[in-house]
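One file, coords12.cif, is given below (mmCIF, N, CA and C atoms and all ligand atoms).
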```cif
data_query
loop_
_atom_site.label_atom_id
_atom_site.label_comp_id
_atom_site.auth_asym_id
_atom_site.auth_seq_id
_atom_site.Cartn_x
_atom_site.Cartn_y
_atom_site.Cartn_z
N MET H 1 -33.10 99.99 149.56
CA MET H 1 -34.12 99.66 148.55
C MET H 1 -34.09 100.73 147.45
N THR H 2 -34.15 100.29 146.20
CA THR H 2 -34.17 101.25 145.08
C THR H 2 -35.54 101.91 145.02
N PHE H 3 -35.64 102.98 144.23
CA PHE H 3 -36.92 103.66 144.09
C PHE H 3 -37.96 102.72 143.46
N ASP H 4 -37.56 101.99 142.43
CA ASP H 4 -38.47 101.04 141.79
C ASP H 4 -38.90 99.97 142.78
N GLY H 5 -37.97 99.53 143.60
CA GLY H 5 -38.27 98.53 144.61
C GLY H 5 -39.28 99.07 145.61
N PHE H 6 -39.19 100.36 145.89
CA PHE H 6 -40.12 100.99 146.82
C PHE H 6 -41.54 101.00 146.26
N ALA H 7 -41.67 101.35 144.97
CA ALA H 7 -43.00 101.35 144.33
C ALA H 7 -43.57 99.93 144.35
N ARG H 8 -42.71 98.96 144.09
CA ARG H 8 -43.16 97.57 144.09
C ARG H 8 -43.62 97.13 145.49
N TYR H 9 -42.84 97.52 146.49
CA TYR H 9 -43.18 97.20 147.88
C TYR H 9 -44.53 97.82 148.26
N GLU H 10 -44.71 99.07 147.85
CA GLU H 10 -45.97 99.77 148.15
C GLU H 10 -47.14 99.11 147.44
N LEU H 11 -46.89 98.62 146.22
CA LEU H 11 -47.93 97.95 145.45
C LEU H 11 -48.39 96.69 146.19
N GLU H 12 -47.42 95.90 146.66
CA GLU H 12 -47.79 94.67 147.38
C GLU H 12 -48.49 95.02 148.69
N SER H 13 -48.01 96.04 149.38
CA SER H 13 -48.62 96.46 150.64
C SER H 13 -50.08 96.86 150.43
N PHE H 14 -50.34 97.51 149.29
CA PHE H 14 -51.71 97.93 148.97
C PHE H 14 -52.65 96.73 148.99
N PHE H 15 -52.22 95.63 148.38
CA PHE H 15 -53.07 94.44 148.31
C PHE H 15 -53.18 93.71 149.65
N LEU H 16 -52.29 94.02 150.56
CA LEU H 16 -52.35 93.36 151.87
C LEU H 16 -53.24 94.13 152.85
N ARG H 17 -53.73 95.32 152.42
CA ARG H 17 -54.66 96.05 153.27
C ARG H 17 -55.91 95.19 153.44
N ARG H 18 -56.49 95.26 154.63
CA ARG H 18 -57.64 94.42 154.95
C ARG H 18 -58.76 94.55 153.91
N ASP H 19 -59.05 95.77 153.48
CA ASP H 19 -60.16 95.96 152.55
C ASP H 19 -59.80 95.68 151.09
N GLU H 20 -58.54 95.32 150.83
CA GLU H 20 -58.14 95.02 149.44
C GLU H 20 -57.88 93.54 149.22
N GLN H 21 -57.84 92.77 150.29
CA GLN H 21 -57.56 91.35 150.14
C GLN H 21 -58.67 90.67 149.34
N GLY H 22 -58.26 89.89 148.36
CA GLY H 22 -59.23 89.17 147.55
C GLY H 22 -59.81 89.98 146.41
N LYS H 23 -59.41 91.27 146.30
CA LYS H 23 -59.88 92.10 145.19
C LYS H 23 -58.85 92.06 144.07
N PHE H 24 -59.33 92.02 142.84
CA PHE H 24 -58.45 91.97 141.68
C PHE H 24 -58.75 93.17 140.79
N TYR H 25 -57.67 93.75 140.23
CA TYR H 25 -57.81 94.94 139.40
C TYR H 25 -57.09 94.76 138.07
N CYS H 26 -57.59 95.42 137.03
CA CYS H 26 -56.88 95.46 135.75
C CYS H 26 -55.76 96.50 135.89
N ARG H 27 -54.86 96.52 134.90
CA ARG H 27 -53.73 97.47 134.90
C ARG H 27 -54.17 98.91 135.14
N THR H 28 -55.15 99.35 134.32
CA THR H 28 -55.56 100.75 134.34
C THR H 28 -56.14 101.14 135.70
N CYS H 29 -57.05 100.33 136.20
CA CYS H 29 -57.71 100.66 137.46
C CYS H 29 -56.73 100.56 138.63
N LEU H 30 -55.81 99.59 138.57
CA LEU H 30 -54.84 99.46 139.66
C LEU H 30 -53.94 100.69 139.72
N ALA H 31 -53.44 101.13 138.55
CA ALA H 31 -52.57 102.31 138.53
C ALA H 31 -53.32 103.52 139.09
N MET H 32 -54.62 103.61 138.78
CA MET H 32 -55.44 104.72 139.27
C MET H 32 -55.62 104.65 140.79
N GLN H 33 -55.90 103.46 141.30
CA GLN H 33 -56.07 103.28 142.75
C GLN H 33 -54.79 103.64 143.49
N LEU H 34 -53.66 103.17 142.95
CA LEU H 34 -52.38 103.42 143.61
C LEU H 34 -52.06 104.92 143.61
N ALA H 35 -52.34 105.57 142.49
CA ALA H 35 -52.07 107.01 142.39
C ALA H 35 -52.92 107.78 143.40
N ARG H 36 -54.14 107.31 143.63
CA ARG H 36 -55.05 108.01 144.56
C ARG H 36 -54.80 107.66 146.00
N ARG H 37 -54.48 106.39 146.26
CA ARG H 37 -54.45 105.92 147.64
C ARG H 37 -53.09 105.45 148.12
N GLY H 38 -52.11 105.36 147.21
CA GLY H 38 -50.78 104.89 147.59
C GLY H 38 -49.91 106.04 148.08
N ALA H 39 -48.63 105.73 148.32
CA ALA H 39 -47.67 106.73 148.81
C ALA H 39 -47.60 107.91 147.84
N ARG H 40 -47.71 109.11 148.37
CA ARG H 40 -47.77 110.34 147.57
C ARG H 40 -46.51 110.60 146.76
N LYS H 41 -45.36 110.18 147.29
CA LYS H 41 -44.11 110.55 146.61
C LYS H 41 -43.84 109.71 145.36
N ILE H 42 -44.64 108.68 145.14
CA ILE H 42 -44.47 107.87 143.95
C ILE H 42 -45.29 108.47 142.81
N THR H 43 -44.63 108.71 141.68
CA THR H 43 -45.31 109.37 140.55
C THR H 43 -46.18 108.37 139.79
N ALA H 44 -47.11 108.91 139.00
CA ALA H 44 -48.00 108.07 138.18
C ALA H 44 -47.18 107.18 137.25
N ILE H 45 -46.08 107.73 136.72
CA ILE H 45 -45.23 106.95 135.80
C ILE H 45 -44.58 105.78 136.54
N ALA H 46 -44.11 106.03 137.76
CA ALA H 46 -43.48 104.97 138.55
C ALA H 46 -44.50 103.90 138.93
N TRP H 47 -45.73 104.32 139.23
CA TRP H 47 -46.79 103.35 139.54
C TRP H 47 -47.07 102.47 138.32
N ALA H 48 -47.20 103.11 137.15
CA ALA H 48 -47.50 102.37 135.93
C ALA H 48 -46.41 101.34 135.66
N ALA H 49 -45.15 101.72 135.87
CA ALA H 49 -44.03 100.80 135.66
C ALA H 49 -44.10 99.65 136.66
N ALA H 50 -44.42 99.96 137.90
CA ALA H 50 -44.50 98.91 138.94
C ALA H 50 -45.66 97.95 138.63
N VAL H 51 -46.76 98.49 138.09
CA VAL H 51 -47.91 97.65 137.74
C VAL H 51 -47.53 96.72 136.59
N GLU H 52 -46.88 97.26 135.56
CA GLU H 52 -46.44 96.44 134.42
C GLU H 52 -45.55 95.31 134.92
N GLU H 53 -44.60 95.67 135.76
CA GLU H 53 -43.64 94.71 136.30
C GLU H 53 -44.36 93.63 137.11
N ALA H 54 -45.38 94.03 137.86
CA ALA H 54 -46.10 93.08 138.71
C ALA H 54 -46.86 92.05 137.87
N PHE H 55 -47.38 92.49 136.70
CA PHE H 55 -48.09 91.55 135.83
C PHE H 55 -47.12 90.52 135.24
N ILE H 56 -45.87 90.93 135.03
CA ILE H 56 -44.88 90.02 134.44
C ILE H 56 -44.31 89.10 135.52
N ASN H 57 -44.04 89.70 136.67
CA ASN H 57 -43.41 88.96 137.76
C ASN H 57 -44.21 89.23 139.04
N PRO H 58 -45.33 88.54 139.23
CA PRO H 58 -46.26 88.89 140.31
C PRO H 58 -45.77 88.63 141.74
N GLY H 59 -44.77 87.77 141.89
CA GLY H 59 -44.27 87.49 143.23
C GLY H 59 -45.37 86.98 144.13
N LEU H 60 -45.65 87.74 145.15
CA LEU H 60 -46.66 87.41 146.16
C LEU H 60 -48.08 87.47 145.58
N LEU H 61 -48.25 88.28 144.54
CA LEU H 61 -49.59 88.50 143.99
C LEU H 61 -49.93 87.42 142.96
N ARG H 62 -51.16 87.42 142.52
CA ARG H 62 -51.61 86.44 141.53
C ARG H 62 -52.25 87.16 140.35
N VAL H 63 -51.88 86.73 139.15
CA VAL H 63 -52.49 87.26 137.93
C VAL H 63 -53.56 86.26 137.50
N ARG H 64 -54.77 86.75 137.33
CA ARG H 64 -55.89 85.86 136.98
C ARG H 64 -56.47 86.25 135.63
N PRO H 65 -56.29 85.39 134.62
CA PRO H 65 -56.89 85.70 133.31
C PRO H 65 -58.40 85.53 133.39
N GLY H 66 -59.12 86.51 132.87
CA GLY H 66 -60.57 86.40 132.80
C GLY H 66 -61.31 86.76 134.07
N ARG H 67 -60.60 87.09 135.12
CA ARG H 67 -61.29 87.50 136.34
C ARG H 67 -61.67 88.98 136.22
N PRO H 68 -62.95 89.32 136.39
CA PRO H 68 -63.36 90.71 136.20
C PRO H 68 -62.68 91.65 137.19
N CYS H 69 -62.32 92.81 136.69
CA CYS H 69 -61.71 93.86 137.52
C CYS H 69 -62.75 94.36 138.52
N GLU H 70 -62.30 94.64 139.74
CA GLU H 70 -63.17 95.12 140.81
C GLU H 70 -63.92 96.41 140.42
N ILE H 71 -63.27 97.25 139.64
CA ILE H 71 -63.85 98.56 139.34
C ILE H 71 -64.57 98.60 137.99
N CYS H 72 -63.86 98.27 136.92
CA CYS H 72 -64.47 98.43 135.59
C CYS H 72 -65.20 97.16 135.14
N LYS H 73 -65.03 96.06 135.89
CA LYS H 73 -65.73 94.79 135.60
C LYS H 73 -65.35 94.17 134.26
N GLN H 74 -64.27 94.64 133.65
CA GLN H 74 -63.81 94.05 132.40
C GLN H 74 -63.17 92.70 132.70
N PRO H 75 -63.58 91.64 131.99
CA PRO H 75 -63.00 90.32 132.27
C PRO H 75 -61.67 90.10 131.56
N GLY H 76 -60.72 90.96 131.80
CA GLY H 76 -59.40 90.80 131.18
C GLY H 76 -58.45 90.14 132.15
N LEU H 77 -57.18 90.53 132.04
CA LEU H 77 -56.17 90.02 132.97
C LEU H 77 -56.21 90.92 134.21
N SER H 78 -56.35 90.33 135.38
CA SER H 78 -56.37 91.16 136.58
C SER H 78 -55.39 90.61 137.61
N ILE H 79 -55.03 91.48 138.56
CA ILE H 79 -54.02 91.09 139.56
C ILE H 79 -54.52 91.42 140.95
N GLY H 80 -54.14 90.60 141.91
CA GLY H 80 -54.55 90.83 143.29
C GLY H 80 -53.90 89.82 144.21
N ALA H 81 -54.24 89.90 145.49
CA ALA H 81 -53.71 88.95 146.47
C ALA H 81 -54.87 88.08 146.95
N ASP H 82 -54.65 86.80 146.97
CA ASP H 82 -55.66 85.89 147.47
C ASP H 82 -55.34 85.58 148.93
N PRO H 83 -56.21 86.00 149.87
CA PRO H 83 -55.90 85.80 151.29
C PRO H 83 -55.79 84.32 151.67
N HIS H 84 -56.30 83.43 150.81
CA HIS H 84 -56.22 82.00 151.12
C HIS H 84 -54.93 81.39 150.61
N ASP H 85 -54.13 82.21 149.92
CA ASP H 85 -52.85 81.77 149.39
C ASP H 85 -51.85 81.69 150.55
N ASP H 86 -51.09 80.61 150.65
CA ASP H 86 -50.14 80.45 151.77
C ASP H 86 -49.14 81.59 151.85
N GLU H 87 -48.59 81.99 150.68
CA GLU H 87 -47.58 83.06 150.67
C GLU H 87 -48.17 84.37 151.19
N VAL H 88 -49.40 84.67 150.80
CA VAL H 88 -50.06 85.89 151.26
C VAL H 88 -50.33 85.79 152.76
N GLY H 89 -50.78 84.62 153.18
CA GLY H 89 -51.02 84.40 154.61
C GLY H 89 -49.77 84.65 155.43
N ASP H 90 -48.62 84.16 154.93
CA ASP H 90 -47.35 84.36 155.64
C ASP H 90 -47.00 85.85 155.70
N ALA H 91 -47.19 86.56 154.58
CA ALA H 91 -46.88 87.99 154.53
C ALA H 91 -47.76 88.76 155.50
N LEU H 92 -49.03 88.36 155.59
CA LEU H 92 -49.94 89.02 156.52
C LEU H 92 -49.53 88.79 157.95
N ASP H 93 -49.11 87.56 158.24
CA ASP H 93 -48.62 87.25 159.59
C ASP H 93 -47.45 88.16 159.96
N LEU H 94 -46.54 88.34 159.00
CA LEU H 94 -45.36 89.19 159.24
C LEU H 94 -45.78 90.63 159.53
N LEU H 95 -46.75 91.13 158.73
CA LEU H 95 -47.23 92.50 158.90
C LEU H 95 -47.83 92.69 160.29
N ILE H 96 -48.61 91.70 160.70
CA ILE H 96 -49.29 91.79 161.99
C ILE H 96 -48.25 91.76 163.13
N ARG H 97 -47.23 90.94 162.95
CA ARG H 97 -46.24 90.82 164.01
C ARG H 97 -45.25 92.00 164.06
N SER H 98 -45.03 92.66 162.88
CA SER H 98 -44.05 93.75 162.89
C SER H 98 -44.64 94.97 163.61
N PRO H 99 -43.83 95.72 164.34
CA PRO H 99 -44.35 96.85 165.14
C PRO H 99 -44.89 97.99 164.27
ZN ZN H 101 -60.40 97.87 135.67
#
```
Output the file's structure as structure tokens, nothing else.
Ligand SMILES: [Zn+2]
Amino acid sequence: MTFDGFARYELESFFLRRDEQGKFYCRTCLAMQLARRGARKITAIAWAAAVEEAFINPGLLRVRPGRPCEICKQPGLSIGADPHDDEVGDALDLLIRSP
């Protein structure tokens, strides 16, 4: 896995945490959360790049226009994982099953 791929993987893992499921964040707040609570070896710059990339190509995550950010409550573009989404459900199943 490349370094960028690692930041991306960590970003998705963040949203699969039990207490983060269903929460949506704007770019700024997400980068801040990841810097505080994500893997230490990933720099703020790498997190910001991974966040930008996730908004363009969300993959497992969902970008919701107008959904207020969990932290700043700004109704801009926000990103998160919807636990009722089939793809997210499958990813959670995998996490639970993996040792
Ligand atoms: Zn925010």
Contacts to ligand ZN 101 (chain H) at 10 Å cut-off (only C-alpha atoms and all ligand atoms) as a PyMOL selection string: chain H and resi 24-33+68-78
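Using only N, CA and C atoms, the smallest distance between any of H:Pro83, H:Leu95, H:Arg36, H:Val88 and Gln21 in chain H comes from H:Pro83.
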Around (-48.0, 102.1, 144.4) in the file's own coordinates, what residues are found within 12 Å if you use only C-alpha atoms, given back as an MDAnalysis selection string? chainID H and resid 3:15 30:54
Using DSSP assignments from the backbone, pull out every residue in chain H that falls under strand (DSSP E) and give it to me as a ChimeraX atom specification. /H:24-25,62-65,77-80
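Between CA of Pro65 in chain H and CA of Gly22 in chain H the separation is 14.8 Å.
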Can you tell me, as AutoDock Vina command-line options, the centre and edge lengths (Å, one decimal) of the axis-aligned box enclosing all of range 62-67 of chain H's listed atoms after padding each side by 6 Å?
```
--center_x -56.4 --center_y 87.2 --center_z 137.7 --size_x 22.5 --size_y 15.6 --size_z 21.7
```
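Atom pair atom N of Ile56 in chain H / CA of Arg97 in chain H: separated by 29.0 Å.
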CA of Leu61 in chain H to CA of Gly89 in chain H, straight-line distance in Å: 11.5 Å
Please identify which residues in chain H DSSP calls alpha helix (DSSP H) from the backbone, and express them as a PDB file with N, CA and C atoms, keeping the file's coordinate frame.
```
ATOM      1  N   PHE H   3     -35.640 102.980 144.230  1.00  0.00           N
ATOM      2  CA  PHE H   3     -36.920 103.660 144.090  1.00  0.00           C
ATOM      3  C   PHE H   3     -37.960 102.720 143.460  1.00  0.00           C
ATOM      4  N   ASP H   4     -37.560 101.990 142.430  1.00  0.00           N
ATOM      5  CA  ASP H   4     -38.470 101.040 141.790  1.00  0.00           C
ATOM      6  C   ASP H   4     -38.900  99.970 142.780  1.00  0.00           C
ATOM      7  N   GLY H   5     -37.970  99.530 143.600  1.00  0.00           N
ATOM      8  CA  GLY H   5     -38.270  98.530 144.610  1.00  0.00           C
ATOM      9  C   GLY H   5     -39.280  99.070 145.610  1.00  0.00           C
ATOM     10  N   PHE H   6     -39.190 100.360 145.890  1.00  0.00           N
ATOM     11  CA  PHE H   6     -40.120 100.990 146.820  1.00  0.00           C
ATOM     12  C   PHE H   6     -41.540 101.000 146.260  1.00  0.00           C
ATOM     13  N   ALA H   7     -41.670 101.350 144.970  1.00  0.00           N
ATOM     14  CA  ALA H   7     -43.000 101.350 144.330  1.00  0.00           C
ATOM     15  C   ALA H   7     -43.570  99.930 144.350  1.00  0.00           C
ATOM     16  N   ARG H   8     -42.710  98.960 144.090  1.00  0.00           N
ATOM     17  CA  ARG H   8     -43.160  97.570 144.090  1.00  0.00           C
ATOM     18  C   ARG H   8     -43.620  97.130 145.490  1.00  0.00           C
ATOM     19  N   TYR H   9     -42.840  97.520 146.490  1.00  0.00           N
ATOM     20  CA  TYR H   9     -43.180  97.200 147.880  1.00  0.00           C
ATOM     21  C   TYR H   9     -44.530  97.820 148.260  1.00  0.00           C
ATOM     22  N   GLU H  10     -44.710  99.070 147.850  1.00  0.00           N
ATOM     23  CA  GLU H  10     -45.970  99.770 148.150  1.00  0.00           C
ATOM     24  C   GLU H  10     -47.140  99.110 147.440  1.00  0.00           C
ATOM     25  N   LEU H  11     -46.890  98.620 146.220  1.00  0.00           N
ATOM     26  CA  LEU H  11     -47.930  97.950 145.450  1.00  0.00           C
ATOM     27  C   LEU H  11     -48.390  96.690 146.190  1.00  0.00           C
ATOM     28  N   GLU H  12     -47.420  95.900 146.660  1.00  0.00           N
ATOM     29  CA  GLU H  12     -47.790  94.670 147.380  1.00  0.00           C
ATOM     30  C   GLU H  12     -48.490  95.020 148.690  1.00  0.00           C
ATOM     31  N   SER H  13     -48.010  96.040 149.380  1.00  0.00           N
ATOM     32  CA  SER H  13     -48.620  96.460 150.640  1.00  0.00           C
ATOM     33  C   SER H  13     -50.080  96.860 150.430  1.00  0.00           C
ATOM     34  N   PHE H  14     -50.340  97.510 149.290  1.00  0.00           N
ATOM     35  CA  PHE H  14     -51.710  97.930 148.970  1.00  0.00           C
ATOM     36  C   PHE H  14     -52.650  96.730 148.990  1.00  0.00           C
ATOM     37  N   PHE H  15     -52.220  95.630 148.380  1.00  0.00           N
ATOM     38  CA  PHE H  15     -53.070  94.440 148.310  1.00  0.00           C
ATOM     39  C   PHE H  15     -53.180  93.710 149.650  1.00  0.00           C
ATOM     40  N   LEU H  16     -52.290  94.020 150.560  1.00  0.00           N
ATOM     41  CA  LEU H  16     -52.350  93.360 151.870  1.00  0.00           C
ATOM     42  C   LEU H  16     -53.240  94.130 152.850  1.00  0.00           C
ATOM     43  N   ARG H  27     -54.860  96.520 134.900  1.00  0.00           N
ATOM     44  CA  ARG H  27     -53.730  97.470 134.900  1.00  0.00           C
ATOM     45  C   ARG H  27     -54.170  98.910 135.140  1.00  0.00           C
ATOM     46  N   THR H  28     -55.150  99.350 134.320  1.00  0.00           N
ATOM     47  CA  THR H  28     -55.560 100.750 134.340  1.00  0.00           C
ATOM     48  C   THR H  28     -56.140 101.140 135.700  1.00  0.00           C
ATOM     49  N   CYS H  29     -57.050 100.330 136.200  1.00  0.00           N
ATOM     50  CA  CYS H  29     -57.710 100.660 137.460  1.00  0.00           C
ATOM     51  C   CYS H  29     -56.730 100.560 138.630  1.00  0.00           C
ATOM     52  N   LEU H  30     -55.810  99.590 138.570  1.00  0.00           N
ATOM     53  CA  LEU H  30     -54.840  99.460 139.660  1.00  0.00           C
ATOM     54  C   LEU H  30     -53.940 100.690 139.720  1.00  0.00           C
ATOM     55  N   ALA H  31     -53.440 101.130 138.550  1.00  0.00           N
ATOM     56  CA  ALA H  31     -52.570 102.310 138.530  1.00  0.00           C
ATOM     57  C   ALA H  31     -53.320 103.520 139.090  1.00  0.00           C
ATOM     58  N   MET H  32     -54.620 103.610 138.780  1.00  0.00           N
ATOM     59  CA  MET H  32     -55.440 104.720 139.270  1.00  0.00           C
ATOM     60  C   MET H  32     -55.620 104.650 140.790  1.00  0.00           C
ATOM     61  N   GLN H  33     -55.900 103.460 141.300  1.00  0.00           N
ATOM     62  CA  GLN H  33     -56.070 103.280 142.750  1.00  0.00           C
ATOM     63  C   GLN H  33     -54.790 103.640 143.490  1.00  0.00           C
ATOM     64  N   LEU H  34     -53.660 103.170 142.950  1.00  0.00           N
ATOM     65  CA  LEU H  34     -52.380 103.420 143.610  1.00  0.00           C
ATOM     66  C   LEU H  34     -52.060 104.920 143.610  1.00  0.00           C
ATOM     67  N   ALA H  35     -52.340 105.570 142.490  1.00  0.00           N
ATOM     68  CA  ALA H  35     -52.070 107.010 142.390  1.00  0.00           C
ATOM     69  C   ALA H  35     -52.920 107.780 143.400  1.00  0.00           C
ATOM     70  N   ARG H  36     -54.140 107.310 143.630  1.00  0.00           N
ATOM     71  CA  ARG H  36     -55.050 108.010 144.560  1.00  0.00           C
ATOM     72  C   ARG H  36     -54.800 107.660 146.000  1.00  0.00           C
ATOM     73  N   ARG H  37     -54.480 106.390 146.260  1.00  0.00           N
ATOM     74  CA  ARG H  37     -54.450 105.920 147.640  1.00  0.00           C
ATOM     75  C   ARG H  37     -53.090 105.450 148.120  1.00  0.00           C
ATOM     76  N   ALA H  44     -47.110 108.910 139.000  1.00  0.00           N
ATOM     77  CA  ALA H  44     -48.000 108.070 138.180  1.00  0.00           C
ATOM     78  C   ALA H  44     -47.180 107.180 137.250  1.00  0.00           C
ATOM     79  N   ILE H  45     -46.080 107.730 136.720  1.00  0.00           N
ATOM     80  CA  ILE H  45     -45.230 106.950 135.800  1.00  0.00           C
ATOM     81  C   ILE H  45     -44.580 105.780 136.540  1.00  0.00           C
ATOM     82  N   ALA H  46     -44.110 106.030 137.760  1.00  0.00           N
ATOM     83  CA  ALA H  46     -43.480 104.970 138.550  1.00  0.00           C
ATOM     84  C   ALA H  46     -44.500 103.900 138.930  1.00  0.00           C
ATOM     85  N   TRP H  47     -45.730 104.320 139.230  1.00  0.00           N
ATOM     86  CA  TRP H  47     -46.790 103.350 139.540  1.00  0.00           C
ATOM     87  C   TRP H  47     -47.070 102.470 138.320  1.00  0.00           C
ATOM     88  N   ALA H  48     -47.200 103.110 137.150  1.00  0.00           N
ATOM     89  CA  ALA H  48     -47.500 102.370 135.930  1.00  0.00           C
ATOM     90  C   ALA H  48     -46.410 101.340 135.660  1.00  0.00           C
ATOM     91  N   ALA H  49     -45.150 101.720 135.870  1.00  0.00           N
ATOM     92  CA  ALA H  49     -44.030 100.800 135.660  1.00  0.00           C
ATOM     93  C   ALA H  49     -44.100  99.650 136.660  1.00  0.00           C
ATOM     94  N   ALA H  50     -44.420  99.960 137.900  1.00  0.00           N
ATOM     95  CA  ALA H  50     -44.500  98.910 138.940  1.00  0.00           C
ATOM     96  C   ALA H  50     -45.660  97.950 138.630  1.00  0.00           C
ATOM     97  N   VAL H  51     -46.760  98.490 138.090  1.00  0.00           N
ATOM     98  CA  VAL H  51     -47.910  97.650 137.740  1.00  0.00           C
ATOM     99  C   VAL H  51     -47.530  96.720 136.590  1.00  0.00           C
ATOM    100  N   GLU H  52     -46.880  97.260 135.560  1.00  0.00           N
ATOM    101  CA  GLU H  52     -46.440  96.440 134.420  1.00  0.00           C
ATOM    102  C   GLU H  52     -45.550  95.310 134.920  1.00  0.00           C
ATOM    103  N   GLU H  53     -44.600  95.670 135.760  1.00  0.00           N
ATOM    104  CA  GLU H  53     -43.640  94.710 136.300  1.00  0.00           C
ATOM    105  C   GLU H  53     -44.360  93.630 137.110  1.00  0.00           C
ATOM    106  N   ALA H  54     -45.380  94.030 137.860  1.00  0.00           N
ATOM    107  CA  ALA H  54     -46.100  93.080 138.710  1.00  0.00           C
ATOM    108  C   ALA H  54     -46.860  92.050 137.870  1.00  0.00           C
ATOM    109  N   PHE H  55     -47.380  92.490 136.700  1.00  0.00           N
ATOM    110  CA  PHE H  55     -48.090  91.550 135.830  1.00  0.00           C
ATOM    111  C   PHE H  55     -47.120  90.520 135.240  1.00  0.00           C
ATOM    112  N   ILE H  56     -45.870  90.930 135.030  1.00  0.00           N
ATOM    113  CA  ILE H  56     -44.880  90.020 134.440  1.00  0.00           C
ATOM    114  C   ILE H  56     -44.310  89.100 135.520  1.00  0.00           C
ATOM    115  N   ASP H  86     -51.090  80.610 150.650  1.00  0.00           N
ATOM    116  CA  ASP H  86     -50.140  80.450 151.770  1.00  0.00           C
ATOM    117  C   ASP H  86     -49.140  81.590 151.850  1.00  0.00           C
ATOM    118  N   GLU H  87     -48.590  81.990 150.680  1.00  0.00           N
ATOM    119  CA  GLU H  87     -47.580  83.060 150.670  1.00  0.00           C
ATOM    120  C   GLU H  87     -48.170  84.370 151.190  1.00  0.00           C
ATOM    121  N   VAL H  88     -49.400  84.670 150.800  1.00  0.00           N
ATOM    122  CA  VAL H  88     -50.060  85.890 151.260  1.00  0.00           C
ATOM    123  C   VAL H  88     -50.330  85.790 152.760  1.00  0.00           C
ATOM    124  N   GLY H  89     -50.780  84.620 153.180  1.00  0.00           N
ATOM    125  CA  GLY H  89     -51.020  84.400 154.610  1.00  0.00           C
ATOM    126  C   GLY H  89     -49.770  84.650 155.430  1.00  0.00           C
ATOM    127  N   ASP H  90     -48.620  84.160 154.930  1.00  0.00           N
ATOM    128  CA  ASP H  90     -47.350  84.360 155.640  1.00  0.00           C
ATOM    129  C   ASP H  90     -47.000  85.850 155.700  1.00  0.00           C
ATOM    130  N   ALA H  91     -47.190  86.560 154.580  1.00  0.00           N
ATOM    131  CA  ALA H  91     -46.880  87.990 154.530  1.00  0.00           C
ATOM    132  C   ALA H  91     -47.760  88.760 155.500  1.00  0.00           C
ATOM    133  N   LEU H  92     -49.030  88.360 155.590  1.00  0.00           N
ATOM    134  CA  LEU H  92     -49.940  89.020 156.520  1.00  0.00           C
ATOM    135  C   LEU H  92     -49.530  88.790 157.950  1.00  0.00           C
ATOM    136  N   ASP H  93     -49.110  87.560 158.240  1.00  0.00           N
ATOM    137  CA  ASP H  93     -48.620  87.250 159.590  1.00  0.00           C
ATOM    138  C   ASP H  93     -47.450  88.160 159.960  1.00  0.00           C
ATOM    139  N   LEU H  94     -46.540  88.340 159.000  1.00  0.00           N
ATOM    140  CA  LEU H  94     -45.360  89.190 159.240  1.00  0.00           C
ATOM    141  C   LEU H  94     -45.780  90.630 159.530  1.00  0.00           C
ATOM    142  N   LEU H  95     -46.750  91.130 158.730  1.00  0.00           N
ATOM    143  CA  LEU H  95     -47.230  92.500 158.900  1.00  0.00           C
ATOM    144  C   LEU H  95     -47.830  92.690 160.290  1.00  0.00           C
ATOM    145  N   ILE H  96     -48.610  91.700 160.700  1.00  0.00           N
ATOM    146  CA  ILE H  96     -49.290  91.790 161.990  1.00  0.00           C
ATOM    147  C   ILE H  96     -48.250  91.760 163.130  1.00  0.00           C
ATOM    148  N   ARG H  97     -47.230  90.940 162.950  1.00  0.00           N
ATOM    149  CA  ARG H  97     -46.240  90.820 164.010  1.00  0.00           C
ATOM    150  C   ARG H  97     -45.250  92.000 164.060  1.00  0.00           C
TER     151      ARG H  97
END
```
